[in-house]
Amino acid sequence: MGEELAVPDAGPAPMAAGKERVFLAAEWRYLAMLNYELDPALLAPYVPSGTELDRFNGKAFVSLVGFRFLNTKILGIPVPFHRNFDEVNLRFYVRRCVDGVVKRGVVFLREIVPRRAIAAVARLAYSENYRRLPMAHRISSSDGVLSIEYAWRLGSIWNSLTVQAVGKPHPMPDGSAGLSCKMQVEKYESSAAN
């Protein structure tokens, strides 16, 4: 594992005037996402106070998401040996209404990364449920089929998330509907998820 294709650089995200300095900046590349319908009662203990499950056509979903975290910077500074790494997370979606406006968010049940320092900083800075486990990835393309695999080892057992896509990868256009790295969502913390 470890093979990787070149993807054109999307460049840095613009920063609006008057915004605070960004603590963490990175690119998400080679996103793999599997969505599963789940009984809402299983998620109820993890729904943060003041929010409710965000359902799609009346159904609750969890997502298993893998991606490459690339060109990572903390306070604008690249950290040696911690710029590029894999992440796999298990998440579900919530919403709340504020002054008549629906705001959507994500609750992370578990986030897996390959380095202790990354997991420790994420737990301290964001109170997120990060865990360090050995990880690997494989990204390849053959005959127009892109294959992406993220693997992590828990004890002596390797687990993996694998997807295949047809067509060439390209940046999502501005204004695209759906989940994307450009979509802004709020993160709601849940002590139940820790």
# chains A, B, ... in the order shown; residues from 1 in each chain; ligands from 1
>>> select_by_dssp(residues="region 58-131 of chain A", states="alpha helix (DSSP H)", output="ChimeraX atom specification")
/A:116-126
>>> write_last_selection(atoms="all heavy atoms", output="mmCIF file, in the first residue's frame")
data_model
loop_
_atom_site.group_PDB
_atom_site.id
_atom_site.type_symbol
_atom_site.label_atom_id
_atom_site.label_comp_id
_atom_site.auth_asym_id
_atom_site.auth_seq_id
_atom_site.Cartn_x
_atom_site.Cartn_y
_atom_site.Cartn_z
ATOM 1 N N ARG A 116 0.413 9.446 16.674
ATOM 2 C CA ARG A 116 0.006 9.833 18.039
ATOM 3 C C ARG A 116 -0.157 11.340 18.197
ATOM 4 O O ARG A 116 -1.095 11.801 18.823
ATOM 5 C CB ARG A 116 1.035 9.327 19.048
ATOM 6 C CG ARG A 116 0.808 7.947 19.508
ATOM 7 C CD ARG A 116 1.758 7.545 20.656
ATOM 8 N NE ARG A 116 1.542 6.154 20.968
ATOM 9 C CZ ARG A 116 2.081 5.141 20.303
ATOM 10 N NH1 ARG A 116 2.893 5.379 19.303
ATOM 11 N NH2 ARG A 116 1.808 3.901 20.633
ATOM 12 N N ALA A 117 0.793 12.097 17.663
ATOM 13 C CA ALA A 117 0.753 13.555 17.845
ATOM 14 C C ALA A 117 -0.511 14.150 17.223
ATOM 15 O O ALA A 117 -1.124 15.049 17.795
ATOM 16 C CB ALA A 117 1.997 14.203 17.252
ATOM 17 N N ILE A 118 -0.910 13.650 16.073
ATOM 18 C CA ILE A 118 -2.120 14.153 15.415
ATOM 19 C C ILE A 118 -3.339 13.848 16.284
ATOM 20 O O ILE A 118 -4.179 14.720 16.525
ATOM 21 C CB ILE A 118 -2.272 13.530 14.017
ATOM 22 C CG1 ILE A 118 -1.127 13.987 13.117
ATOM 23 C CG2 ILE A 118 -3.622 13.884 13.406
ATOM 24 C CD1 ILE A 118 -0.974 13.182 11.849
ATOM 25 N N ALA A 119 -3.428 12.613 16.761
ATOM 26 C CA ALA A 119 -4.562 12.239 17.614
ATOM 27 C C ALA A 119 -4.588 13.063 18.895
ATOM 28 O O ALA A 119 -5.642 13.542 19.322
ATOM 29 C CB ALA A 119 -4.500 10.744 17.933
ATOM 30 N N ALA A 120 -3.431 13.266 19.515
ATOM 31 C CA ALA A 120 -3.357 14.024 20.769
ATOM 32 C C ALA A 120 -3.768 15.479 20.572
ATOM 33 O O ALA A 120 -4.550 16.029 21.359
ATOM 34 C CB ALA A 120 -1.946 13.935 21.351
ATOM 35 N N VAL A 121 -3.257 16.118 19.521
ATOM 36 C CA VAL A 121 -3.607 17.524 19.261
ATOM 37 C C VAL A 121 -5.099 17.653 18.978
ATOM 38 O O VAL A 121 -5.763 18.565 19.478
ATOM 39 C CB VAL A 121 -2.760 18.103 18.105
ATOM 40 C CG1 VAL A 121 -3.315 19.440 17.626
ATOM 41 C CG2 VAL A 121 -1.308 18.254 18.542
ATOM 42 N N ALA A 122 -5.650 16.735 18.193
ATOM 43 C CA ALA A 122 -7.083 16.791 17.876
ATOM 44 C C ALA A 122 -7.938 16.608 19.126
ATOM 45 O O ALA A 122 -8.950 17.283 19.290
ATOM 46 C CB ALA A 122 -7.426 15.738 16.832
ATOM 47 N N ARG A 123 -7.530 15.697 20.007
ATOM 48 C CA ARG A 123 -8.294 15.507 21.248
ATOM 49 C C ARG A 123 -8.213 16.754 22.120
ATOM 50 O O ARG A 123 -9.210 17.188 22.694
ATOM 51 C CB ARG A 123 -7.774 14.289 22.010
ATOM 52 C CG ARG A 123 -8.256 12.970 21.441
ATOM 53 C CD ARG A 123 -7.961 11.799 22.366
ATOM 54 N NE ARG A 123 -6.551 11.663 22.672
ATOM 55 C CZ ARG A 123 -5.697 10.889 22.013
ATOM 56 N NH1 ARG A 123 -6.100 10.184 20.988
ATOM 57 N NH2 ARG A 123 -4.432 10.816 22.376
ATOM 58 N N LEU A 124 -7.011 17.337 22.243
ATOM 59 C CA LEU A 124 -6.835 18.516 23.102
ATOM 60 C C LEU A 124 -7.470 19.770 22.513
ATOM 61 O O LEU A 124 -8.135 20.522 23.216
ATOM 62 C CB LEU A 124 -5.350 18.756 23.369
ATOM 63 C CG LEU A 124 -4.665 17.701 24.238
ATOM 64 C CD1 LEU A 124 -3.154 17.919 24.250
ATOM 65 C CD2 LEU A 124 -5.220 17.731 25.652
ATOM 66 N N ALA A 125 -7.245 20.019 21.228
ATOM 67 C CA ALA A 125 -7.717 21.263 20.614
ATOM 68 C C ALA A 125 -9.209 21.237 20.289
ATOM 69 O O ALA A 125 -9.880 22.260 20.380
ATOM 70 C CB ALA A 125 -6.924 21.558 19.346
ATOM 71 N N TYR A 126 -9.726 20.074 19.906
ATOM 72 C CA TYR A 126 -11.102 20.008 19.434
ATOM 73 C C TYR A 126 -12.004 19.092 20.263
ATOM 74 O O TYR A 126 -13.186 18.952 19.956
ATOM 75 C CB TYR A 126 -11.131 19.536 17.976
ATOM 76 C CG TYR A 126 -10.472 20.498 17.026
ATOM 77 C CD1 TYR A 126 -9.238 20.205 16.458
ATOM 78 C CD2 TYR A 126 -11.074 21.706 16.700
ATOM 79 C CE1 TYR A 126 -8.630 21.083 15.573
ATOM 80 C CE2 TYR A 126 -10.483 22.593 15.831
ATOM 81 C CZ TYR A 126 -9.258 22.274 15.270
ATOM 82 O OH TYR A 126 -8.658 23.134 14.401
#
>>> closest_atom_pairs(of="region 92-111 of chain A", to="region 38-51 of chain A", cutoff="8 Å", atoms="only C-alpha atoms", output="CSV")
residue,atom,partner,partner_atom,distance
A:Val94,CA,A:Thr51,CA,6.2
A:Arg95,CA,A:Thr51,CA,5.5
A:Arg96,CA,A:Thr51,CA,4.8
A:Val107,CA,A:Val47,CA,7.7
>>> closest_residue(among="A:Glu87, A:Asp143, A:Glu27, A:Glu37", to="Ser160 (chain A)", atoms="only C-alpha atoms")
A:Glu87
>>> residues_around(residues="Gly144 (chain A)", least_positions_apart="2", cutoff="7 Å", atoms="only C-alpha atoms", output="PyMOL selection string")
chain A and resi 141-142+146+166-167
>>> residues_around(residues="region 59-69 of chain A", least_positions_apart="2", cutoff="8 Å", atoms="only C-alpha atoms", output="ChimeraX atom specification")
/A:26-40,53-57,71-72,83-93,150,161
>>> write_last_selection(atoms="N, CA and C atoms", output="short mmCIF file (atom, residue, chain, number, x, y, z; two decimals), in the first residue's frame")
data_model
loop_
_atom_site.label_atom_id
_atom_site.label_comp_id
_atom_site.auth_asym_id
_atom_site.auth_seq_id
_atom_site.Cartn_x
_atom_site.Cartn_y
_atom_site.Cartn_z
N ALA A 26 -5.90 22.29 5.70
CA ALA A 26 -5.44 21.12 4.96
C ALA A 26 -6.34 20.90 3.76
N GLU A 27 -5.88 20.07 2.84
CA GLU A 27 -6.68 19.63 1.71
C GLU A 27 -7.18 18.23 2.00
N TRP A 28 -8.42 17.94 1.61
CA TRP A 28 -8.94 16.58 1.65
C TRP A 28 -8.88 16.06 0.23
N ARG A 29 -8.20 14.95 0.04
CA ARG A 29 -8.11 14.35 -1.30
C ARG A 29 -8.47 12.88 -1.22
N TYR A 30 -8.91 12.34 -2.35
CA TYR A 30 -9.26 10.93 -2.47
C TYR A 30 -10.28 10.51 -1.42
N LEU A 31 -11.37 11.25 -1.39
CA LEU A 31 -12.45 11.00 -0.44
C LEU A 31 -13.20 9.73 -0.82
N ALA A 32 -13.37 8.85 0.14
CA ALA A 32 -14.17 7.63 -0.02
C ALA A 32 -15.24 7.67 1.06
N MET A 33 -16.50 7.53 0.67
CA MET A 33 -17.58 7.66 1.64
C MET A 33 -18.63 6.58 1.40
N LEU A 34 -18.93 5.85 2.46
CA LEU A 34 -20.01 4.86 2.42
C LEU A 34 -21.06 5.29 3.43
N ASN A 35 -22.32 5.32 3.00
CA ASN A 35 -23.42 5.75 3.86
C ASN A 35 -24.32 4.55 4.15
N TYR A 36 -24.73 4.43 5.42
CA TYR A 36 -25.57 3.34 5.85
C TYR A 36 -26.77 3.87 6.61
N GLU A 37 -27.95 3.36 6.26
CA GLU A 37 -29.14 3.68 7.02
C GLU A 37 -29.05 2.96 8.36
N LEU A 38 -29.43 3.65 9.42
CA LEU A 38 -29.33 3.10 10.77
C LEU A 38 -30.58 3.43 11.56
N ASP A 39 -30.97 2.55 12.44
CA ASP A 39 -32.10 2.80 13.34
C ASP A 39 -31.77 4.03 14.18
N PRO A 40 -32.58 5.08 14.11
CA PRO A 40 -32.30 6.31 14.87
C PRO A 40 -32.11 6.08 16.36
N LEU A 53 -31.39 14.56 15.05
CA LEU A 53 -30.85 13.87 13.88
C LEU A 53 -31.29 14.59 12.61
N ASP A 54 -30.38 14.73 11.68
CA ASP A 54 -30.69 15.29 10.37
C ASP A 54 -30.98 14.10 9.47
N ARG A 55 -32.22 13.95 9.10
CA ARG A 55 -32.65 12.78 8.32
C ARG A 55 -32.75 13.13 6.84
N PHE A 56 -32.55 12.13 6.02
CA PHE A 56 -32.72 12.27 4.57
C PHE A 56 -33.89 11.39 4.17
N ASN A 57 -34.93 12.00 3.64
CA ASN A 57 -36.17 11.29 3.32
C ASN A 57 -36.68 10.49 4.51
N ASN A 71 -1.01 18.52 2.86
CA ASN A 71 -0.50 19.89 3.04
C ASN A 71 -1.05 20.53 4.31
N THR A 72 -1.05 19.77 5.37
CA THR A 72 -1.59 20.21 6.65
C THR A 72 -0.69 21.27 7.28
N ARG A 83 2.44 16.41 7.73
CA ARG A 83 1.72 17.19 6.72
C ARG A 83 0.72 16.36 5.95
N ASN A 84 1.09 15.11 5.65
CA ASN A 84 0.25 14.25 4.82
C ASN A 84 -0.04 12.95 5.56
N PHE A 85 -1.30 12.63 5.73
CA PHE A 85 -1.66 11.41 6.45
C PHE A 85 -3.09 10.99 6.08
N ASP A 86 -3.42 9.77 6.41
CA ASP A 86 -4.75 9.24 6.17
C ASP A 86 -5.64 9.51 7.38
N GLU A 87 -6.94 9.57 7.14
CA GLU A 87 -7.92 9.59 8.21
C GLU A 87 -9.12 8.77 7.78
N VAL A 88 -9.68 8.03 8.71
CA VAL A 88 -10.95 7.34 8.52
C VAL A 88 -11.81 7.74 9.70
N ASN A 89 -13.06 8.13 9.42
CA ASN A 89 -13.94 8.48 10.53
C ASN A 89 -15.34 7.90 10.34
N LEU A 90 -16.02 7.75 11.46
CA LEU A 90 -17.40 7.31 11.49
C LEU A 90 -18.21 8.47 12.04
N ARG A 91 -19.20 8.91 11.29
CA ARG A 91 -19.94 10.12 11.63
C ARG A 91 -21.42 9.98 11.35
N PHE A 92 -22.19 10.88 11.95
CA PHE A 92 -23.60 11.01 11.59
C PHE A 92 -23.95 12.49 11.61
N TYR A 93 -25.16 12.80 11.20
CA TYR A 93 -25.52 14.18 10.90
C TYR A 93 -26.65 14.67 11.78
N TYR A 150 -8.47 2.49 2.10
CA TYR A 150 -7.88 2.91 3.37
C TYR A 150 -7.98 1.72 4.31
N LEU A 161 -11.65 0.09 4.05
CA LEU A 161 -12.71 0.78 3.32
C LEU A 161 -12.20 0.90 1.90
#
>>> residues_around(residues="Val22 (chain A)", least_positions_apart="3", cutoff="8 Å", atoms="only C-alpha atoms", output="JSON, numbers by chain")
{"A": [25, 74, 75, 76]}
>>> atom_distance(atom1="CA of Arg138 (chain A)", atom2="CA of Gly155 (chain A)")
20.8 Å
>>> residues_around(residues="Pro134 (chain A)", least_positions_apart="4", cutoff="9 Å", atoms="only C-alpha atoms", output="PyMOL selection string")
chain A and resi 113-115+151-154
>>> atom_distance(atom1="CA of Met135 (chain A)", atom2="CA of Val79 (chain A)")
19.4 Å
>>> closest_residue(among="A:Glu52, A:His137, A:Pro78, A:Arg132", to="Val106 (chain A)", atoms="only C-alpha atoms")
A:Glu52
